[in-house]
Structures are given as C-alpha cells and as structure tokens.
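This report concerns only the one structure given below.
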Amino acid sequence: MIFGAIDLDQAEGAVLAHAAKLADGRLPKGHVLGREDIIRLKSAGFSNVIAVRVEPDDLMEDDAAAQLADAIPRDHLRFSEAATGRVNLYAAANGLFVSDKVVVDRFNRIDPAITLACLADHVPVRAGDMVATIKIIPLAVSRQKVEAARRILEEATAFEVKPFQPRAVTLVATELPSLKVSVMDKTERLLAQRLSLSGSRIVGEIRVPHRMEAVAAAIGQALAKPAADAPAMIVVFGASAMTDFSDVIPEAIRQAGGRVEHAGMPVDPGNLLVLGWIGEVPVLGAPGCARSPKENGFDWILNRILAGECPTAQDITGLGVGGLLMEIPTRPQPRDLTGDEAQRFAIAIVVLAAGKASRMGDDGRHKLLAEFGGKPLVRLSAETAIAAGIGRTIVVTGHRADEIAACLDGLDLTLAHNPDFAGGMASSLTTGLSTPGVADADGVLVMLADMPGVTSADLRSLAQAFRGAGGRAIVRAVSNGKRGNPVILPRATYDALMKLEGDVGARHIVETCGLAVIDVDIGEAAHLDVDTPEAVIAAGGVLKG
C-alpha cells in the first residue's frame, strides 16, 4: 500500500484517505476514484488528493476485517457486517464472556494495522451486549499479515460467550439474635436478582440456627428434594462471618458428605467465601458482602458456576490481581482541614422533598409548606444546605412539586423532579444522584427536607469528617449514639444506591457495604423530623395549606 499525496492525473483507481468536500456533494473517505470523480475534483480546484494506492498483495479494510471475523466460531456470538474496516461482535445469549489475554495479545502484535479489542475476562453479559471489535486501522493491509492474524484465531480461542445455565437454588440461611429478619428477607431478594440473568431461581429457603449440625442437616434436606428441570445449587448465608477454615459453613459441607474446594479468596470484598461440592452440586458459602448489591467476589464465583465452569482452588487463588474491588479504609478519625485541602473532596447536597406527607391527614396540609420563623420548611432546609457552603444543592421534588418549587424561587439550587415519588424514597435518591454532575462528586450528603433542627454548622461538621477521612467513609449524624440524619455517602456506594427500589433509604447499604462509618453527634436535630401536624406544632411550626 502506498499512502500520500497523488496528482489527480495519476489518481484514477486510488482510494481517498480523507473525504473531499465539493460544491455538489462530497466524496467520502474510502471512495475509489473514477474518471468522473477526477473531473469533479479538478472543477473544484483540486490538483491532488491524499489517497492510497493499493498494491496486489493488499486487502481493503472491510475485506480484511471480514476475513478475520470469519475465523472466530459463531457459537453464541453475533457479527456485524464489515464497515469502515470494523466488525463488531455481540453476545447472542446471556452468559459469561471469557477471554484469553495471551491469544489476544499475540493477535494484536502481528501488525499495528490489525487490532482486536474485547471485554475483560469473565465478565457477565446480556444478549445484545457488544463484547469485541475487530478494527483495521489503515484503508488497506498486507494479505500476509491478515493471514498470520487469522491463523492465531483459528488455532486458539481468543474469546467466547459461555451461556448461563439455569440452576435450581436452595438458600440456607443461619439465624442469630443479632441478625434481623428484615436483613434475611433482603438477602433472599438480592440473591434472586443475582440469579435472574441466568434464568436460575430460588426453589426453597431453609432457616436454621447458626450451628454446624443444623447447617449440615439443611444441606441434606436440600439435596433430598432435587428440582426436575434444572441442576441443583446450594447457597449458604451465615449470620456470622467465617473466622476459621473449620468454622460452621465449611465444616457443615464436610459433615453433609461433601468436600471443600477452597475457603477464603484474594478478592476484597469477598475474602470469606467458601466453595464446596457434594457430588456435582456446588455449595457456596456466601461472604457477608453478598448481602449488598454491589459487585463482590461472590459474584465472580457464582457467575462461573452458572456458566458451567467448575472453579478450582487454583482459579480462586489466581484472582488477586484486580481483586481489590474497593478500598476499605481503617476507621478514620476526623481532622481539621483548611484552605485547598478542605475543598479536595467534592460534596453534593441532595435535599429530599418529594414525599406525599401522608401522615399529615386528609385536609391537604403539607409539612414542607408549614412555616418556621415565617419561612416554608422546605425553603428553610434549602437555605440551610446552601449556607453550609460545602457544595452545590439539589432539591428533589415530587408531591405538589409546583408549590414546593415556588417556595424555592430565587435560591441558588437545582430542582430535580421525581415522577415516581409515590413509589417511595429510593426513587428520590436515584433521581438526585442522576442529576447531571452529582455522580462526579466524591460524596453526596442526603438531607431530609422535614428536619427543621439541622443547621448549616451541622452540615459543615459532617463534611469536615468526610474530608478528614479522605472521602472514603460514610458519615452520619447521630444523637447520643443513636443514628439519625443527614448522612454523607461516598462514591463507592453510588452503584448500590442506583439499584435501590421501593420505600427504602440507604440504611442497608450503610450496614453492609464494608466501608468505615463515622458518627458525628449533632444533638437532637439528628432525630427531629416533622411527619405529623402535632410534630410540626411541637417543633415551633405554623401549619399552612
């Protein structure tokens, strides 16, 4: 291939390297110049063009990309037509994308003109997700180089999609007085969500005391009732974390007649996972972090099993590089910050003002319109947030949004309307976090608009603790050791926040995410919210419409 400026008198049959704009249209990049094209170019004042002269041993970019794509097995993959030197590959089934870095690297080192990019190894994908792309960079490439790259794809599997195989899953959950039933219920729902991509389902849940004999008996009970339509799997959630390789869950697997393939893993969060087998039935002892929707080591092993793999101790111990999924700081202590250091970690304030105020009765009065010191409560709360001076303020509206917005007229803030406010607090949290720019902040301070006792100084104290912890801890307001509001949630929690549903806040995420929690005592203001007419009056407010 010869690239460069070509005189128009010599350009017939050349391939344009750059588009040429003409008065009556344009000639696109990659266009093969004919006699009429040259006449049009001369009429437009061109004397030469930047183009490629293709030699006999060259392949044009689309032909080269198509030939390389043809060397990849079609199993569970869909291919685009070659265009502009590119073929995109898509998953044709829900499954696990598995790649071989050695093979991909060999391919990419044949020639800089030939490239293959794909997802990371062992990533879950949905049908239709793009998983890889072949791109020929120049307009033409040596046929010999293409053939060399093609041989690599024919001789070894660079990547594949392993379809998920549905499993019939029995959940065994142990109980201790310290573990709330509501947490166990949420655990079951989160596991069901994790299984949904594979078409797997929970066929039963067995709750037993946190004792080895009880867990072993529950495993035996699950094995005695196999599902007819899918192979079995058992997932054990312990009420207490594993502290020894002979602890309750690994020992229960052995007692039930199984073997423990491996206990512990170099993935954080996920260190305390247990993998065992009873015959062909996998038994997963889930680490505590699997009670959170955030990705952790449990997902990595679960997905491999659902894709038909049988992870070994060798596989698990090889997960350390890339296994640090989030930094877990030691419990930090707040410290004084000044100057530029105080602004290093950006905080956005999200004021939740979307609720229906259902406890205010049927006479149409709204707690956020009640006046405190002559101001509507929602305006008082917004002014408190703005005056703190720690970051931009977003107010999420929903019920009676127009009236709430009118109360905020003239303030330096952003309104974010939540059309699904009736569904509960979770949708308001996600609305606030979805406001442009908020997710770029290092932390989000979530403030309830119906807490008249919270001051700007309180918010600054929370922000100081968050920045003193390097922006990596959860900071919450307390009173006499009892948790309350507001709370600052760091960026590491955002993915989990975006998955919340229903009338729930971030409490479960705070308790299960593994991040350090710093409590800042702001007095009774941390608990003073005004949900009823009586509470409004007791707090010094005046009821309005």
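Within each chain, counting starts at residue 1; across the structure tokens, chains are named A, B, ... in the order shown, with ligands numbered 1 upward in that order.
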
How close does each residue of range 77-171 of chain A get to range 9-31 of chain A, giving the shortest atom pair and distance in Å to one decimal for every residue with an atom at most 12 Å away, counting only C-alpha atoms, sorted by chain and residue number, as a tab-separated table?
```
residue	atom	partner	partner_atom	distance
A:Ala83	CA	A:Gly30	CA	10.5
A:Thr84	CA	A:Gly30	CA	7.9
A:Gly85	CA	A:Gly30	CA	9.8
A:Ile137	CA	A:Ala17	CA	11.5
A:Pro138	CA	A:Ala17	CA	8.7
A:Leu139	CA	A:Gly30	CA	6.8
A:Ala140	CA	A:Val15	CA	9.4
```

Write a file of the selected residues as a PDB file, in the first residue's frame, keeping C-alpha atoms.
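Printed below is part30.pdb as written:
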```pdb
ATOM      1  CA  ALA A  83     -17.850  -1.346   7.538  1.00  0.00           C
ATOM      2  CA  THR A  84     -15.067   1.251   7.725  1.00  0.00           C
ATOM      3  CA  GLY A  85     -12.683  -1.588   8.482  1.00  0.00           C
ATOM      4  CA  ILE A 137      -6.736   0.978  11.066  1.00  0.00           C
ATOM      5  CA  PRO A 138      -5.481   1.908   7.545  1.00  0.00           C
ATOM      6  CA  LEU A 139      -7.555   1.634   4.376  1.00  0.00           C
ATOM      7  CA  ALA A 140      -5.669  -1.477   3.269  1.00  0.00           C
TER       8      ALA A 140
END
```

Exercise. Using CA of Leu411 in chain A and CA of Gly355 in chain A as the two end points, give the distance in Å to one decimal.
Key: 20.8 Å

Quiz prompt | Between CA of Ala357 in chain A and CA of Arg379 in chain A - distance in Å to one decimal | solution = 16.3 Å

Quiz prompt | Neighbour list for Gly288 in chain A as a list in words, cut-off 10 Å, only C-alpha atoms, skip fewer than 5 positions in-chain | solution =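 Residues meeting the cut-off are Thr187, Phe237, Gly238, Ala239, Ser240, Ala241, Met242, Pro269, Gly270, Asn271, Leu272, Leu273, Phe298, Thr512, Cys513 and Gly514 of chain A.
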
Would you give me, as JSON lines, each residue of range 25-69 of chain A having an atom within 12 Å of an atom of range 101-116 of chain A, along with its shortest atom pair and that distance in Å to one decimal, using only C-alpha atoms and sorting by chain and residue number?
```
{"residue": "A:Leu59", "atom": "CA", "partner": "A:Ala113", "partner_atom": "CA", "distance": 11.7}
{"residue": "A:Met60", "atom": "CA", "partner": "A:Ala113", "partner_atom": "CA", "distance": 11.7}
{"residue": "A:Glu61", "atom": "CA", "partner": "A:Ala113", "partner_atom": "CA", "distance": 9.6}
{"residue": "A:Asp62", "atom": "CA", "partner": "A:Ile114", "partner_atom": "CA", "distance": 11.8}
{"residue": "A:Ala64", "atom": "CA", "partner": "A:Ile114", "partner_atom": "CA", "distance": 8.9}
{"residue": "A:Ala65", "atom": "CA", "partner": "A:Ile114", "partner_atom": "CA", "distance": 8.5}
{"residue": "A:Gln67", "atom": "CA", "partner": "A:Ile114", "partner_atom": "CA", "distance": 11.8}
{"residue": "A:Leu68", "atom": "CA", "partner": "A:Ile114", "partner_atom": "CA", "distance": 9.5}
{"residue": "A:Ala69", "atom": "CA", "partner": "A:Leu116", "partner_atom": "CA", "distance": 10.2}
```

Please return, as a PDB file with all heavy atoms, in the first residue's frame, all residues of range 438-532 of chain A that DSSP assigns to alpha helix (DSSP H) on the basis of the backbone.
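Result went into out32.pdb, see below:
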```
ATOM      1  N   SER A 456     -26.679  24.737  59.338  1.00  0.00           N
ATOM      2  CA  SER A 456     -25.555  24.770  58.401  1.00  0.00           C
ATOM      3  C   SER A 456     -24.267  24.316  59.088  1.00  0.00           C
ATOM      4  O   SER A 456     -23.422  23.650  58.479  1.00  0.00           O
ATOM      5  CB  SER A 456     -25.372  26.179  57.836  1.00  0.00           C
ATOM      6  OG  SER A 456     -26.515  26.570  57.097  1.00  0.00           O
ATOM      7  N   ALA A 457     -24.117  24.646  60.360  1.00  0.00           N
ATOM      8  CA  ALA A 457     -22.928  24.216  61.101  1.00  0.00           C
ATOM      9  C   ALA A 457     -22.887  22.696  61.224  1.00  0.00           C
ATOM     10  O   ALA A 457     -21.814  22.084  61.151  1.00  0.00           O
ATOM     11  CB  ALA A 457     -22.911  24.864  62.487  1.00  0.00           C
ATOM     12  N   ASP A 458     -24.067  22.081  61.402  1.00  0.00           N
ATOM     13  CA  ASP A 458     -24.129  20.616  61.457  1.00  0.00           C
ATOM     14  C   ASP A 458     -23.625  20.012  60.148  1.00  0.00           C
ATOM     15  O   ASP A 458     -22.853  19.040  60.140  1.00  0.00           O
ATOM     16  CB  ASP A 458     -25.557  20.148  61.710  1.00  0.00           C
ATOM     17  CG  ASP A 458     -26.076  20.540  63.081  1.00  0.00           C
ATOM     18  OD1 ASP A 458     -25.246  20.705  63.991  1.00  0.00           O
ATOM     19  OD2 ASP A 458     -27.312  20.670  63.234  1.00  0.00           O
ATOM     20  N   LEU A 459     -24.069  20.573  59.034  1.00  0.00           N
ATOM     21  CA  LEU A 459     -23.659  20.058  57.726  1.00  0.00           C
ATOM     22  C   LEU A 459     -22.167  20.232  57.511  1.00  0.00           C
ATOM     23  O   LEU A 459     -21.501  19.354  56.957  1.00  0.00           O
ATOM     24  CB  LEU A 459     -24.440  20.753  56.606  1.00  0.00           C
ATOM     25  CG  LEU A 459     -25.971  20.622  56.661  1.00  0.00           C
ATOM     26  CD1 LEU A 459     -26.598  21.276  55.420  1.00  0.00           C
ATOM     27  CD2 LEU A 459     -26.410  19.176  56.777  1.00  0.00           C
ATOM     28  N   ARG A 460     -21.631  21.344  57.980  1.00  0.00           N
ATOM     29  CA  ARG A 460     -20.187  21.558  57.843  1.00  0.00           C
ATOM     30  C   ARG A 460     -19.403  20.550  58.691  1.00  0.00           C
ATOM     31  O   ARG A 460     -18.326  20.095  58.292  1.00  0.00           O
ATOM     32  CB  ARG A 460     -19.829  22.997  58.215  1.00  0.00           C
ATOM     33  CG  ARG A 460     -20.208  24.012  57.137  1.00  0.00           C
ATOM     34  CD  ARG A 460     -19.578  25.371  57.405  1.00  0.00           C
ATOM     35  NE  ARG A 460     -20.195  26.047  58.538  1.00  0.00           N
ATOM     36  CZ  ARG A 460     -21.247  26.855  58.452  1.00  0.00           C
ATOM     37  NH1 ARG A 460     -21.801  27.100  57.270  1.00  0.00           N
ATOM     38  NH2 ARG A 460     -21.745  27.431  59.521  1.00  0.00           N
ATOM     39  N   SER A 461     -19.940  20.204  59.854  1.00  0.00           N
ATOM     40  CA  SER A 461     -19.272  19.202  60.697  1.00  0.00           C
ATOM     41  C   SER A 461     -19.232  17.844  60.003  1.00  0.00           C
ATOM     42  O   SER A 461     -18.205  17.141  60.042  1.00  0.00           O
ATOM     43  CB  SER A 461     -19.992  19.076  62.046  1.00  0.00           C
ATOM     44  OG  SER A 461     -19.901  20.268  62.791  1.00  0.00           O
ATOM     45  N   LEU A 462     -20.334  17.479  59.367  1.00  0.00           N
ATOM     46  CA  LEU A 462     -20.368  16.220  58.625  1.00  0.00           C
ATOM     47  C   LEU A 462     -19.367  16.251  57.476  1.00  0.00           C
ATOM     48  O   LEU A 462     -18.628  15.284  57.234  1.00  0.00           O
ATOM     49  CB  LEU A 462     -21.775  15.961  58.094  1.00  0.00           C
ATOM     50  CG  LEU A 462     -22.880  15.724  59.142  1.00  0.00           C
ATOM     51  CD1 LEU A 462     -24.247  15.733  58.468  1.00  0.00           C
ATOM     52  CD2 LEU A 462     -22.667  14.421  59.873  1.00  0.00           C
ATOM     53  N   ALA A 463     -19.334  17.372  56.757  1.00  0.00           N
ATOM     54  CA  ALA A 463     -18.423  17.490  55.616  1.00  0.00           C
ATOM     55  C   ALA A 463     -16.969  17.442  56.075  1.00  0.00           C
ATOM     56  O   ALA A 463     -16.116  16.838  55.408  1.00  0.00           O
ATOM     57  CB  ALA A 463     -18.694  18.791  54.862  1.00  0.00           C
ATOM     58  N   GLN A 464     -16.666  18.061  57.203  1.00  0.00           N
ATOM     59  CA  GLN A 464     -15.297  18.056  57.716  1.00  0.00           C
ATOM     60  C   GLN A 464     -14.863  16.628  58.035  1.00  0.00           C
ATOM     61  O   GLN A 464     -13.725  16.217  57.735  1.00  0.00           O
ATOM     62  CB  GLN A 464     -15.190  18.927  58.964  1.00  0.00           C
ATOM     63  CG  GLN A 464     -13.770  19.023  59.518  1.00  0.00           C
ATOM     64  CD  GLN A 464     -13.711  19.870  60.776  1.00  0.00           C
ATOM     65  OE1 GLN A 464     -14.691  19.969  61.510  1.00  0.00           O
ATOM     66  NE2 GLN A 464     -12.574  20.489  61.025  1.00  0.00           N
ATOM     67  N   ALA A 465     -15.763  15.831  58.640  1.00  0.00           N
ATOM     68  CA  ALA A 465     -15.431  14.441  58.952  1.00  0.00           C
ATOM     69  C   ALA A 465     -15.219  13.631  57.680  1.00  0.00           C
ATOM     70  O   ALA A 465     -14.310  12.791  57.592  1.00  0.00           O
ATOM     71  CB  ALA A 465     -16.547  13.829  59.795  1.00  0.00           C
ATOM     72  N   PHE A 466     -16.046  13.882  56.674  1.00  0.00           N
ATOM     73  CA  PHE A 466     -15.926  13.152  55.403  1.00  0.00           C
ATOM     74  C   PHE A 466     -14.600  13.472  54.731  1.00  0.00           C
ATOM     75  O   PHE A 466     -13.879  12.566  54.271  1.00  0.00           O
ATOM     76  CB  PHE A 466     -17.094  13.539  54.491  1.00  0.00           C
ATOM     77  CG  PHE A 466     -17.053  12.911  53.126  1.00  0.00           C
ATOM     78  CD1 PHE A 466     -17.427  11.598  52.943  1.00  0.00           C
ATOM     79  CD2 PHE A 466     -16.642  13.633  52.019  1.00  0.00           C
ATOM     80  CE1 PHE A 466     -17.403  11.013  51.687  1.00  0.00           C
ATOM     81  CE2 PHE A 466     -16.603  13.068  50.765  1.00  0.00           C
ATOM     82  CZ  PHE A 466     -16.982  11.756  50.593  1.00  0.00           C
ATOM     83  N   ARG A 467     -14.242  14.731  54.670  1.00  0.00           N
ATOM     84  CA  ARG A 467     -12.988  15.108  54.027  1.00  0.00           C
ATOM     85  C   ARG A 467     -11.791  14.659  54.852  1.00  0.00           C
ATOM     86  O   ARG A 467     -10.755  14.280  54.308  1.00  0.00           O
ATOM     87  CB  ARG A 467     -12.983  16.615  53.789  1.00  0.00           C
ATOM     88  CG  ARG A 467     -13.944  17.013  52.668  1.00  0.00           C
ATOM     89  CD  ARG A 467     -14.188  18.493  52.559  1.00  0.00           C
ATOM     90  NE  ARG A 467     -14.959  18.794  51.342  1.00  0.00           N
ATOM     91  CZ  ARG A 467     -15.777  19.821  51.202  1.00  0.00           C
ATOM     92  NH1 ARG A 467     -15.953  20.663  52.210  1.00  0.00           N
ATOM     93  NH2 ARG A 467     -16.432  20.017  50.071  1.00  0.00           N
ATOM     94  N   GLY A 468     -11.944  14.656  56.186  1.00  0.00           N
ATOM     95  CA  GLY A 468     -10.868  14.170  57.033  1.00  0.00           C
ATOM     96  C   GLY A 468     -10.605  12.693  56.847  1.00  0.00           C
ATOM     97  O   GLY A 468      -9.498  12.208  57.092  1.00  0.00           O
ATOM     98  N   TYR A 494     -22.353   4.556  45.195  1.00  0.00           N
ATOM     99  CA  TYR A 494     -23.300   5.063  44.202  1.00  0.00           C
ATOM    100  C   TYR A 494     -23.983   3.948  43.405  1.00  0.00           C
ATOM    101  O   TYR A 494     -25.186   4.013  43.136  1.00  0.00           O
ATOM    102  CB  TYR A 494     -22.613   6.026  43.227  1.00  0.00           C
ATOM    103  CG  TYR A 494     -22.203   7.356  43.811  1.00  0.00           C
ATOM    104  CD1 TYR A 494     -22.393   7.657  45.150  1.00  0.00           C
ATOM    105  CD2 TYR A 494     -21.609   8.334  43.014  1.00  0.00           C
ATOM    106  CE1 TYR A 494     -21.994   8.877  45.687  1.00  0.00           C
ATOM    107  CE2 TYR A 494     -21.208   9.549  43.539  1.00  0.00           C
ATOM    108  CZ  TYR A 494     -21.407   9.820  44.876  1.00  0.00           C
ATOM    109  OH  TYR A 494     -21.017  11.023  45.401  1.00  0.00           O
ATOM    110  N   ASP A 495     -23.203   2.933  42.996  1.00  0.00           N
ATOM    111  CA  ASP A 495     -23.807   1.851  42.211  1.00  0.00           C
ATOM    112  C   ASP A 495     -24.921   1.177  42.996  1.00  0.00           C
ATOM    113  O   ASP A 495     -25.997   0.882  42.461  1.00  0.00           O
ATOM    114  CB  ASP A 495     -22.748   0.819  41.820  1.00  0.00           C
ATOM    115  CG  ASP A 495     -21.830   1.318  40.716  1.00  0.00           C
ATOM    116  OD1 ASP A 495     -22.173   2.337  40.082  1.00  0.00           O
ATOM    117  OD2 ASP A 495     -20.773   0.698  40.496  1.00  0.00           O
ATOM    118  N   ALA A 496     -24.673   0.916  44.271  1.00  0.00           N
ATOM    119  CA  ALA A 496     -25.694   0.280  45.104  1.00  0.00           C
ATOM    120  C   ALA A 496     -26.896   1.193  45.302  1.00  0.00           C
ATOM    121  O   ALA A 496     -28.048   0.738  45.287  1.00  0.00           O
ATOM    122  CB  ALA A 496     -25.099  -0.110  46.461  1.00  0.00           C
ATOM    123  N   LEU A 497     -26.656   2.493  45.458  1.00  0.00           N
ATOM    124  CA  LEU A 497     -27.765   3.442  45.610  1.00  0.00           C
ATOM    125  C   LEU A 497     -28.663   3.434  44.378  1.00  0.00           C
ATOM    126  O   LEU A 497     -29.899   3.487  44.492  1.00  0.00           O
ATOM    127  CB  LEU A 497     -27.232   4.854  45.840  1.00  0.00           C
ATOM    128  CG  LEU A 497     -26.582   5.140  47.193  1.00  0.00           C
ATOM    129  CD1 LEU A 497     -25.918   6.514  47.186  1.00  0.00           C
ATOM    130  CD2 LEU A 497     -27.610   5.063  48.312  1.00  0.00           C
ATOM    131  N   MET A 498     -28.067   3.359  43.200  1.00  0.00           N
ATOM    132  CA  MET A 498     -28.845   3.400  41.962  1.00  0.00           C
ATOM    133  C   MET A 498     -29.703   2.155  41.778  1.00  0.00           C
ATOM    134  O   MET A 498     -30.622   2.140  40.951  1.00  0.00           O
ATOM    135  CB  MET A 498     -27.920   3.577  40.763  1.00  0.00           C
ATOM    136  CG  MET A 498     -27.237   4.940  40.706  1.00  0.00           C
ATOM    137  SD  MET A 498     -28.407   6.331  40.620  1.00  0.00           S
ATOM    138  CE  MET A 498     -29.121   6.059  39.003  1.00  0.00           C
ATOM    139  N   ARG A 507     -29.987   2.818  54.468  1.00  0.00           N
ATOM    140  CA  ARG A 507     -29.526   2.174  55.713  1.00  0.00           C
ATOM    141  C   ARG A 507     -28.887   0.818  55.467  1.00  0.00           C
ATOM    142  O   ARG A 507     -27.828   0.504  56.025  1.00  0.00           O
ATOM    143  CB  ARG A 507     -30.711   2.036  56.672  1.00  0.00           C
ATOM    144  CG  ARG A 507     -30.358   1.355  57.980  1.00  0.00           C
ATOM    145  CD  ARG A 507     -31.547   1.361  58.915  1.00  0.00           C
ATOM    146  NE  ARG A 507     -31.342   0.476  60.048  1.00  0.00           N
ATOM    147  CZ  ARG A 507     -32.236   0.261  60.994  1.00  0.00           C
ATOM    148  NH1 ARG A 507     -33.413   0.886  60.940  1.00  0.00           N
ATOM    149  NH2 ARG A 507     -31.981  -0.561  61.990  1.00  0.00           N
ATOM    150  N   HIS A 508     -29.502  -0.011  54.624  1.00  0.00           N
ATOM    151  CA  HIS A 508     -28.953  -1.349  54.379  1.00  0.00           C
ATOM    152  C   HIS A 508     -27.575  -1.246  53.720  1.00  0.00           C
ATOM    153  O   HIS A 508     -26.669  -2.031  54.046  1.00  0.00           O
ATOM    154  CB  HIS A 508     -29.898  -2.155  53.485  1.00  0.00           C
ATOM    155  CG  HIS A 508     -29.388  -3.520  53.152  1.00  0.00           C
ATOM    156  ND1 HIS A 508     -29.226  -4.501  54.094  1.00  0.00           N
ATOM    157  CD2 HIS A 508     -28.964  -4.064  51.975  1.00  0.00           C
ATOM    158  CE1 HIS A 508     -28.742  -5.596  53.518  1.00  0.00           C
ATOM    159  NE2 HIS A 508     -28.572  -5.352  52.240  1.00  0.00           N
ATOM    160  N   ILE A 509     -27.407  -0.287  52.825  1.00  0.00           N
ATOM    161  CA  ILE A 509     -26.112  -0.102  52.178  1.00  0.00           C
ATOM    162  C   ILE A 509     -25.066   0.320  53.197  1.00  0.00           C
ATOM    163  O   ILE A 509     -23.930  -0.181  53.202  1.00  0.00           O
ATOM    164  CB  ILE A 509     -26.236   0.932  51.044  1.00  0.00           C
ATOM    165  CG1 ILE A 509     -27.131   0.384  49.931  1.00  0.00           C
ATOM    166  CG2 ILE A 509     -24.864   1.313  50.497  1.00  0.00           C
ATOM    167  CD1 ILE A 509     -27.474   1.396  48.873  1.00  0.00           C
ATOM    168  N   VAL A 510     -25.440   1.218  54.102  1.00  0.00           N
ATOM    169  CA  VAL A 510     -24.521   1.674  55.149  1.00  0.00           C
ATOM    170  C   VAL A 510     -24.047   0.489  55.987  1.00  0.00           C
ATOM    171  O   VAL A 510     -22.865   0.370  56.324  1.00  0.00           O
ATOM    172  CB  VAL A 510     -25.206   2.725  56.042  1.00  0.00           C
ATOM    173  CG1 VAL A 510     -24.356   3.044  57.265  1.00  0.00           C
ATOM    174  CG2 VAL A 510     -25.483   4.002  55.257  1.00  0.00           C
ATOM    175  N   GLU A 511     -24.963  -0.424  56.291  1.00  0.00           N
ATOM    176  CA  GLU A 511     -24.657  -1.518  57.206  1.00  0.00           C
ATOM    177  C   GLU A 511     -23.915  -2.679  56.554  1.00  0.00           C
ATOM    178  O   GLU A 511     -23.295  -3.488  57.260  1.00  0.00           O
ATOM    179  CB  GLU A 511     -25.956  -2.037  57.839  1.00  0.00           C
ATOM    180  CG  GLU A 511     -26.634  -1.017  58.731  1.00  0.00           C
ATOM    181  CD  GLU A 511     -27.989  -1.478  59.243  1.00  0.00           C
ATOM    182  OE1 GLU A 511     -28.523  -2.483  58.698  1.00  0.00           O
ATOM    183  OE2 GLU A 511     -28.511  -0.845  60.172  1.00  0.00           O
ATOM    184  N   THR A 512     -23.971  -2.789  55.237  1.00  0.00           N
ATOM    185  CA  THR A 512     -23.418  -3.989  54.595  1.00  0.00           C
ATOM    186  C   THR A 512     -22.305  -3.721  53.591  1.00  0.00           C
ATOM    187  O   THR A 512     -21.703  -4.677  53.106  1.00  0.00           O
ATOM    188  CB  THR A 512     -24.531  -4.768  53.863  1.00  0.00           C
ATOM    189  OG1 THR A 512     -25.081  -3.953  52.819  1.00  0.00           O
ATOM    190  CG2 THR A 512     -25.626  -5.183  54.831  1.00  0.00           C
TER     191      THR A 512
END
```

Quiz prompt | range 414-423 of chain A environment, 8 Å, only C-alpha atoms, sequence neighbours closer than 6 positions dropped, as a list of chain:residue names | solution = A:Ala354, A:Gly355, A:Lys356, A:Thr393, A:Ile394, A:Val395, A:Val396, A:Thr397, A:Gly398, A:His399, A:Ala401, A:Ala405, A:Thr431, A:Gly432, A:Thr435, A:Gly502, A:Asp503

Quiz item: Pick from A:Ile2, A:Val283, A:Ala538, A:Ala406: nearest to Pro452 in chain A, with only C-alpha atoms counted?
Solution: A:Ala538

Using only C-alpha atoms, determine which residues lie at most 6 Å from Asn48 in chain A, disregarding the query and same-chain residues fewer than 6 positions distant; provide the list as a PDB file with C-alpha atoms, in the first residue's frame.
```
ATOM      1  CA  ILE A   6      -1.297  11.809  -5.524  1.00  0.00           C
ATOM      2  CA  ASP A   7      -1.573  14.120  -8.527  1.00  0.00           C
ATOM      3  CA  LEU A   8      -5.091  13.970  -9.961  1.00  0.00           C
TER       4      LEU A   8
END
```

Self-check item: Between CA of Thr243 in chain A and CA of Ala263 in chain A, distance in Å (one decimal)
Solution: 10.5 Å

Quiz item: Counting only C-alpha atoms, which of A:Met451, A:Arg86, A:Leu77, A:Leu429 gets nearest to Leu500 in chain A?
Solution: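 Selected residue with least distance to Leu500 in chain A: A:Leu429.
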
Exercise. Write out as a PyMOL selection string which residues come within 8 Å of Leu445 in chain A when counting only C-alpha atoms, dropping same-chain ones fewer than 5 positions away.
Key: chain A and resi 347-350+486-489

Exercise. Just the strand (DSSP E) stuff from range 30-251 of chain A, please, per backbone DSSP, written as a ChimeraX atom specification.
Key: /A:48-53,58-60,77-79,86-91,95-99,114-118,123-125,130-136,140-142,159-163,168-175,201-209,232-237

Practice problem: Write out as a PyMOL selection string the residues lying within 9 Å of Gly258 in chain A, counting only C-alpha atoms and excluding same-chain residues fewer than 6 positions away. | Solution: chain A and resi 252+276-279+283

Practice problem: Kindly indicate which residue among A:Arg304, A:His366, A:Lys180, A:Arg476 lies nearest to Gly95 in chain A, using only C-alpha atoms for the distances. | Solution: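 Counting only C-alpha atoms, the residue closest to Gly95 in chain A is A:Arg304.
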
Quiz item: Using only C-alpha atoms, which of the listed residues (A:Gly220, A:Asp247, A:Asp185, A:Ile72) sits closest to Glu160 in chain A?
Solution: A:Ile72
